[in-house]
Amino acid sequence: MSQPAITLHGIELSGHTHRAELMLRMLGLPFRFSPAPADVRRTEAFLKLNPLGQIPVLEDGDLVLCDSNAILVYLAKRYASESNWLPDEPVAAAQV
């Protein structure tokens with residue numbers, strides 16, 4: 001069985017990681033959760049993903065996103081573009 005293309009790096013107690021995980025689950029997307037406690041976030045491998053050493057980090061193929069809000073917008077637009085998760089109208093989208 002192949003690995004999911006999406007990997008979410010974070011810790012379970014992080015609210016920002018939690019919201020990204022919830023969106024992945026609500027969209028029914030297969031993903032791998034990669035625990036990233038403080039010691040992992042200081043490693044060279046993690047700092048290549050996010051030089052600030054912060055979570056969450058989402059990898060989707062070659063794409064790496066390091067901000068929970070950016071992750072949510074990306075997931076809504078990439079995987080649920082025909083849904084009402086994120087409105088197209090600028091003011092409505094900003095209010096989300």
# chains A, B, ... in the order shown; residues from 1 in each chain; ligands from 1
>>> closest_atom_pairs(of="range 31-87 of chain A", to="range 12-17 of chain A", cutoff="8 Å", atoms="only C-alpha atoms", output="Markdown table")
| residue | atom | partner | partner_atom | distance |
| --- | --- | --- | --- | --- |
| A:Pro35 | CA | A:Glu12 | CA | 7.9 |
| A:Ile55 | CA | A:Thr17 | CA | 6.7 |
| A:Pro56 | CA | A:Thr17 | CA | 5.0 |
| A:Ser68 | CA | A:His16 | CA | 5.7 |
>>> select_by_dssp(residues="range 32-87 of chain A", states="strand (DSSP E)", output="PyMOL selection string")
chain A and resi 32-35+57-60+63-65
>>> write_last_selection(atoms="C-alpha atoms", output="short mmCIF file (atom, residue, chain, number, x, y, z; two decimals), in the first residue's frame")
data_model
loop_
_atom_site.label_atom_id
_atom_site.label_comp_id
_atom_site.auth_asym_id
_atom_site.auth_seq_id
_atom_site.Cartn_x
_atom_site.Cartn_y
_atom_site.Cartn_z
CA ARG A 32 0.09 10.89 7.09
CA PHE A 33 0.57 12.64 10.42
CA SER A 34 4.23 13.17 11.26
CA PRO A 35 4.81 14.12 14.92
CA VAL A 57 3.81 22.11 7.97
CA LEU A 58 1.87 20.49 5.14
CA GLU A 59 3.60 18.63 2.34
CA ASP A 60 1.53 17.77 -0.73
CA LEU A 63 4.48 21.69 -2.31
CA VAL A 64 5.36 22.73 1.26
CA LEU A 65 3.15 25.13 3.22
#
>>> residues_around(residues="Gly61 in chain A", least_positions_apart="3", cutoff="12 Å", atoms="only C-alpha atoms", output="ChimeraX atom specification")
/A:3-8,31,58,64-65
>>> write_last_selection(atoms="C-alpha atoms", output="tab-separated table (two decimals), in the first residue's frame")
chain	number	residue	atom	x	y	z
A	3	GLN	CA	1.89	6.33	1.39
A	4	PRO	CA	-0.59	9.22	1.12
A	5	ALA	CA	0.79	12.13	-0.90
A	6	ILE	CA	-0.09	14.55	1.90
A	7	THR	CA	1.92	14.75	5.11
A	8	LEU	CA	0.98	16.97	8.03
A	31	PHE	CA	-2.77	11.91	4.87
A	58	LEU	CA	1.87	20.49	5.14
A	64	VAL	CA	5.36	22.73	1.26
A	65	LEU	CA	3.15	25.13	3.22
>>> atom_distance(atom1="CA of Asp39 in chain A", atom2="CA of Leu75 in chain A")
27.7 Å
>>> atom_distance(atom1="CA of Pro87 in chain A", atom2="CA of Asp62 in chain A")
26.4 Å
>>> atom_distance(atom1="CA of Lys77 in chain A", atom2="CA of Pro51 in chain A")
25.4 Å
>>> select_by_dssp(residues="range 4-95 of chain A", states="alpha helix (DSSP H)", output="MDAnalysis selection string")
chainID A and resid 15:26 38:41 44:49 68:79 90:95
>>> closest_residue(among="A:Pro37, A:Met23, A:Leu29, A:Thr43", to="Ile11 in chain A", atoms="only C-alpha atoms")
A:Pro37
>>> closest_residue(among="A:Leu86, A:Leu49, A:Leu24, A:Ile71", to="Ala36 in chain A", atoms="only C-alpha atoms")
A:Leu49
>>> decode(residues="range 42-87 of chain A", atoms="C-alpha atoms", output="short mmCIF file (atom, residue, chain, number, x, y, z; two decimals), in the first residue's frame")
data_model
loop_
_atom_site.label_atom_id
_atom_site.label_comp_id
_atom_site.auth_asym_id
_atom_site.auth_seq_id
_atom_site.Cartn_x
_atom_site.Cartn_y
_atom_site.Cartn_z
CA ARG A 42 15.33 21.75 15.41
CA THR A 43 16.62 19.10 13.00
CA GLU A 44 18.17 19.99 9.67
CA ALA A 45 15.51 17.97 7.83
CA PHE A 46 12.63 19.88 9.45
CA LEU A 47 14.32 23.26 9.05
CA LYS A 48 14.53 22.55 5.30
CA LEU A 49 10.72 22.37 5.34
CA ASN A 50 10.27 25.44 7.54
CA PRO A 51 13.36 27.52 8.36
CA LEU A 52 11.44 29.05 11.30
CA GLY A 53 11.00 25.61 12.87
CA GLN A 54 7.28 26.14 13.40
CA ILE A 55 4.26 23.91 12.96
CA PRO A 56 2.10 22.98 11.22
CA VAL A 57 3.81 22.11 7.97
CA LEU A 58 1.87 20.49 5.14
CA GLU A 59 3.60 18.63 2.34
CA ASP A 60 1.53 17.77 -0.73
CA GLY A 61 3.87 16.25 -3.26
CA ASP A 62 6.53 18.91 -3.93
CA LEU A 63 4.48 21.69 -2.31
CA VAL A 64 5.36 22.73 1.26
CA LEU A 65 3.15 25.13 3.22
CA CYS A 66 4.09 26.43 6.66
CA ASP A 67 1.12 28.49 7.87
CA SER A 68 -2.17 27.06 9.11
CA ASN A 69 -4.27 29.71 7.35
CA ALA A 70 -2.42 29.16 4.08
CA ILE A 71 -2.90 25.41 4.52
CA LEU A 72 -6.66 25.82 4.97
CA VAL A 73 -7.01 28.07 1.92
CA TYR A 74 -4.89 25.70 -0.17
CA LEU A 75 -6.87 22.61 0.85
CA ALA A 76 -10.21 24.32 0.17
CA LYS A 77 -9.15 25.65 -3.21
CA ARG A 78 -7.21 22.56 -4.32
CA TYR A 79 -9.49 19.78 -3.11
CA ALA A 80 -12.92 21.40 -2.69
CA SER A 81 -12.96 24.20 -5.26
CA GLU A 82 -16.62 23.64 -6.11
CA SER A 83 -17.69 23.73 -2.45
CA ASN A 84 -18.61 26.66 -0.25
CA TRP A 85 -15.65 26.22 2.13
CA LEU A 86 -14.09 29.42 0.84
CA PRO A 87 -16.26 31.85 -1.08
#
